[in-house]
Amino acid sequence: MHWSSLTDPSASAIWDIVAVCVVLSAGLVIAILVMSVIQQRTAKRINATTKSWRDYLDRLNFQDNEVHDLPTHALCRAQVASLVLDAALRVDAGSRATLGRFIEQCKLDAYVREQLRKPRGKSPVVLETCATMAGMFEMQAALPLLPRLMDHRVAAVAFAAALAILRLNPSAVPMVWGRAPVHLFSKAALLTLLKAVPSRQVDELVLRRIESCEPKEAAQLLSAWGQLPGRAAARYASNLLDQPECEGWLLCAALRMQDDVTQIARIRPFLDHSRWAVRLQALHAVARLGFADDIAKLKPLRDHSNWWVRTRAREALANFDPRSSL
């Protein structure tokens, strides 16, 4: 390139553009570095503040007198509420009473009601925390605000609201079980809700809900019901084995619940069920409860068209020990 080309007006304009781009790039890099430093310092400050409050709450759990000497560092009320809930889950009832006095002094009960009163646009984490605190610390003033949260699209929020209502108002059991979105809840969540219901009411409530809800939802509820003491769920599941036309989800749940070797003759026919999911659960049940002559019934399933059935059949045959079933 000839030096004269650098003095050309068009070349000069290009160099001006390059210079501007270099300056802008350098400015952007500096801005990113500055923001990174600010972010790191902010994170350290937040962590230090959070630790200060957490240490205070840990000490508070062992105090029997009035709450005092609050940390001087500031946290937003949502963060304090989260820390209080975390502390409450780790302590006994006596220490929880001290936390209750702390909540009153910090006016966290008013904050809880404020969040529950207008849930639209609120973080699901905040709503779940507030609903859980309302139930755990018996905030009766929050009770009228909780039912609408059972319609929340996030399962954790709906579950926290339902559990809080049951704790605050045991007579609301029919309303909660008639309205709660059972299809969103895990088996563990359903089991927790069932344990919050008086034992004399559980069987009737579950049966009523199973008969009125979708099959998949009913199967989940049946599985949770089976985890409670008593034989009502086992009897219901056993009766389903006499109904081959029963929906597949419910049959799967019923087969998973079988633990009586005397039921093996009623389980075997389901190895030929039209739905592969039912065949899979029947396979598990036969492998768990079966006798030596059941090996011949499991062998054809090694070549089943469904990968899950095929794989589980091979695993069952490899680990099958008929002597343990005798």
# chains A, B, ... in the order shown; residues from 1 in each chain; ligands from 1

$ residues_around --residues "A:Ala172" --least-positions-apart "3" --cutoff "12 Å" --atoms "only C-alpha atoms" --output "list in words"
Leu143, Pro144, Leu146, Pro147, Ala162, Leu163, Ala164, Ile165, Leu166, Arg167, Leu168, Asn169, Met175, Val176, Trp177, Gly178, Arg179, Ala180, Ala196, Val197, Pro198 and Gln201 of chain A

$ residues_around --residues "A:Ala81" --least-positions-apart "5" --cutoff "9 Å" --atoms "only C-alpha atoms" --output "ChimeraX atom specification"
/A:76,86,103,108,111-112,126,129-130,133

$ residues_around --residues "A:Arg208" --least-positions-apart "5" --cutoff "12 Å" --atoms "only C-alpha atoms" --output "tab-separated table (two decimals) with C-alpha atoms, in the first residue's frame"
chain	number	residue	atom	x	y	z
A	174	PRO	CA	-63.63	-30.15	52.95
A	177	TRP	CA	-59.66	-30.86	49.48
A	178	GLY	CA	-62.44	-29.79	47.17
A	201	GLN	CA	-61.94	-37.85	57.85
A	202	VAL	CA	-59.11	-39.01	55.59
A	203	ASP	CA	-60.66	-42.09	53.98
A	213	CYS	CA	-60.92	-36.26	39.58
A	218	ALA	CA	-56.55	-40.13	41.26
A	221	LEU	CA	-53.72	-39.48	45.40
A	222	LEU	CA	-54.13	-43.24	45.83

$ atom_distance --atom1 "atom CA of A:Gln140" --atom2 "atom CA of A:Gln105"
17.3 Å

$ closest_atom_pairs --of "stretch 95-209 of chain A" --to "stretch 224-231 of chain A" --cutoff "8 Å" --atoms "only C-alpha atoms" --output "CSV"
residue,atom,partner,partner_atom,distance
A:Lys187,CA,A:Ala224,CA,5.3
A:Ala188,CA,A:Ala224,CA,7.1
A:Leu190,CA,A:Ala224,CA,6.1
A:Leu191,CA,A:Ala224,CA,5.1
A:Leu194,CA,A:Trp225,CA,7.5
A:Lys195,CA,A:Leu228,CA,7.9
A:Val206,CA,A:Trp225,CA,7.5

$ closest_residue --among "A:Asp294, A:Leu251, A:Glu138, A:Val278" --to "A:Ala265" --atoms "only C-alpha atoms"
A:Asp294

$ closest_residue --among "A:Ala97, A:Arg314, A:Asp303, A:Arg266" --to "A:Ala287" --atoms "only C-alpha atoms"
A:Arg314

$ closest_residue --among "A:Leu250, A:Arg312, A:Ala87, A:Phe137" --to "A:Arg101" --atoms "only C-alpha atoms"
A:Phe137

$ atom_distance --atom1 "atom CA of A:Leu240" --atom2 "atom CA of A:Phe270"
11.8 Å

$ atom_distance --atom1 "atom CA of A:Asp151" --atom2 "atom CA of A:Lys118"
13.8 Å

$ residues_around --residues "A:Arg113" --least-positions-apart "6" --cutoff "9 Å" --atoms "only C-alpha atoms" --output "list of chain:residue names"
A:Cys130, A:Ala134, A:Met139, A:Ala141, A:Ala142, A:Leu145

$ select_by_dssp --residues "stretch 168-228 of chain A" --states "alpha helix (DSSP H)" --output "ChimeraX atom specification"
/A:168,173-179,187-195,199-212,215-225

$ write_last_selection --atoms "N, CA and C atoms" --output "compact mmCIF listing (two decimals), in the first residue's frame"
# COMPACT_ATOMS: atom_id res chain seq x y z
N LEU A 168 -54.50 -23.37 60.24
CA LEU A 168 -55.20 -22.26 60.88
C LEU A 168 -56.67 -22.56 61.15
N VAL A 173 -61.23 -28.39 56.16
CA VAL A 173 -60.74 -29.57 55.42
C VAL A 173 -61.54 -29.84 54.14
N PRO A 174 -62.89 -29.89 54.19
CA PRO A 174 -63.63 -30.15 52.95
C PRO A 174 -63.37 -29.11 51.87
N MET A 175 -63.31 -27.84 52.25
CA MET A 175 -63.05 -26.78 51.27
C MET A 175 -61.68 -26.94 50.63
N VAL A 176 -60.67 -27.23 51.44
CA VAL A 176 -59.31 -27.37 50.92
C VAL A 176 -59.22 -28.54 49.95
N TRP A 177 -59.77 -29.68 50.34
CA TRP A 177 -59.66 -30.86 49.48
C TRP A 177 -60.58 -30.79 48.27
N GLY A 178 -61.59 -29.96 48.34
CA GLY A 178 -62.44 -29.79 47.17
C GLY A 178 -61.86 -28.81 46.16
N ARG A 179 -60.95 -27.96 46.63
CA ARG A 179 -60.44 -26.89 45.77
C ARG A 179 -58.97 -27.06 45.39
N LYS A 187 -46.39 -36.68 45.24
CA LYS A 187 -46.92 -37.62 46.23
C LYS A 187 -46.53 -37.19 47.64
N ALA A 188 -45.31 -36.67 47.80
CA ALA A 188 -44.86 -36.22 49.13
C ALA A 188 -45.72 -35.06 49.63
N ALA A 189 -46.06 -34.12 48.73
CA ALA A 189 -46.90 -32.99 49.11
C ALA A 189 -48.30 -33.46 49.50
N LEU A 190 -48.85 -34.39 48.73
CA LEU A 190 -50.17 -34.92 49.04
C LEU A 190 -50.16 -35.64 50.39
N LEU A 191 -49.09 -36.38 50.65
CA LEU A 191 -48.99 -37.08 51.92
C LEU A 191 -48.95 -36.10 53.10
N THR A 192 -48.24 -34.99 52.93
CA THR A 192 -48.19 -33.97 53.98
C THR A 192 -49.57 -33.38 54.23
N LEU A 193 -50.31 -33.11 53.15
CA LEU A 193 -51.67 -32.58 53.31
C LEU A 193 -52.59 -33.59 53.98
N LEU A 194 -52.44 -34.86 53.62
CA LEU A 194 -53.29 -35.88 54.22
C LEU A 194 -53.01 -36.03 55.71
N LYS A 195 -51.75 -35.88 56.10
CA LYS A 195 -51.40 -35.98 57.52
C LYS A 195 -51.96 -34.81 58.32
N SER A 199 -57.62 -38.06 61.21
CA SER A 199 -57.60 -39.42 60.67
C SER A 199 -59.01 -39.94 60.37
N ARG A 200 -60.00 -39.53 61.14
CA ARG A 200 -61.36 -40.03 60.92
C ARG A 200 -61.97 -39.50 59.62
N GLN A 201 -61.38 -38.44 59.06
CA GLN A 201 -61.94 -37.85 57.85
C GLN A 201 -61.19 -38.25 56.59
N VAL A 202 -59.99 -38.80 56.74
CA VAL A 202 -59.11 -39.01 55.59
C VAL A 202 -59.75 -39.92 54.54
N ASP A 203 -60.19 -41.10 54.95
CA ASP A 203 -60.66 -42.09 53.98
C ASP A 203 -61.83 -41.56 53.16
N GLU A 204 -62.80 -40.94 53.83
CA GLU A 204 -63.97 -40.42 53.11
C GLU A 204 -63.58 -39.32 52.14
N LEU A 205 -62.69 -38.41 52.55
CA LEU A 205 -62.27 -37.31 51.68
C LEU A 205 -61.53 -37.82 50.46
N VAL A 206 -60.61 -38.77 50.67
CA VAL A 206 -59.82 -39.28 49.55
C VAL A 206 -60.70 -40.02 48.56
N LEU A 207 -61.60 -40.87 49.07
CA LEU A 207 -62.48 -41.61 48.18
C LEU A 207 -63.34 -40.68 47.34
N ARG A 208 -63.85 -39.64 47.98
CA ARG A 208 -64.68 -38.67 47.26
C ARG A 208 -63.89 -37.97 46.17
N ARG A 209 -62.65 -37.60 46.47
CA ARG A 209 -61.83 -36.89 45.49
C ARG A 209 -61.39 -37.82 44.37
N ILE A 210 -61.05 -39.07 44.69
CA ILE A 210 -60.64 -40.03 43.67
C ILE A 210 -61.75 -40.26 42.65
N GLU A 211 -62.98 -40.32 43.14
CA GLU A 211 -64.11 -40.59 42.25
C GLU A 211 -64.46 -39.39 41.36
N SER A 212 -64.00 -38.20 41.74
CA SER A 212 -64.40 -36.99 40.99
C SER A 212 -63.27 -36.38 40.17
N PRO A 215 -58.04 -39.48 36.06
CA PRO A 215 -57.37 -40.73 36.44
C PRO A 215 -55.94 -40.56 36.92
N LYS A 216 -55.15 -39.73 36.25
CA LYS A 216 -53.75 -39.55 36.67
C LYS A 216 -53.69 -38.92 38.05
N GLU A 217 -54.55 -37.93 38.29
CA GLU A 217 -54.63 -37.28 39.59
C GLU A 217 -55.07 -38.27 40.66
N ALA A 218 -56.06 -39.12 40.31
CA ALA A 218 -56.55 -40.13 41.26
C ALA A 218 -55.46 -41.13 41.62
N ALA A 219 -54.65 -41.51 40.65
CA ALA A 219 -53.56 -42.46 40.90
C ALA A 219 -52.53 -41.87 41.86
N GLN A 220 -52.20 -40.59 41.66
CA GLN A 220 -51.25 -39.93 42.55
C GLN A 220 -51.80 -39.87 43.98
N LEU A 221 -53.07 -39.57 44.09
CA LEU A 221 -53.72 -39.48 45.40
C LEU A 221 -53.79 -40.85 46.07
N LEU A 222 -54.08 -41.88 45.29
CA LEU A 222 -54.13 -43.24 45.83
C LEU A 222 -52.76 -43.67 46.36
N SER A 223 -51.70 -43.32 45.64
CA SER A 223 -50.35 -43.67 46.08
C SER A 223 -50.01 -42.99 47.41
N ALA A 224 -50.39 -41.72 47.55
CA ALA A 224 -50.13 -41.01 48.81
C ALA A 224 -50.98 -41.59 49.93
N TRP A 225 -52.23 -41.89 49.65
CA TRP A 225 -53.12 -42.48 50.64
C TRP A 225 -52.56 -43.79 51.17
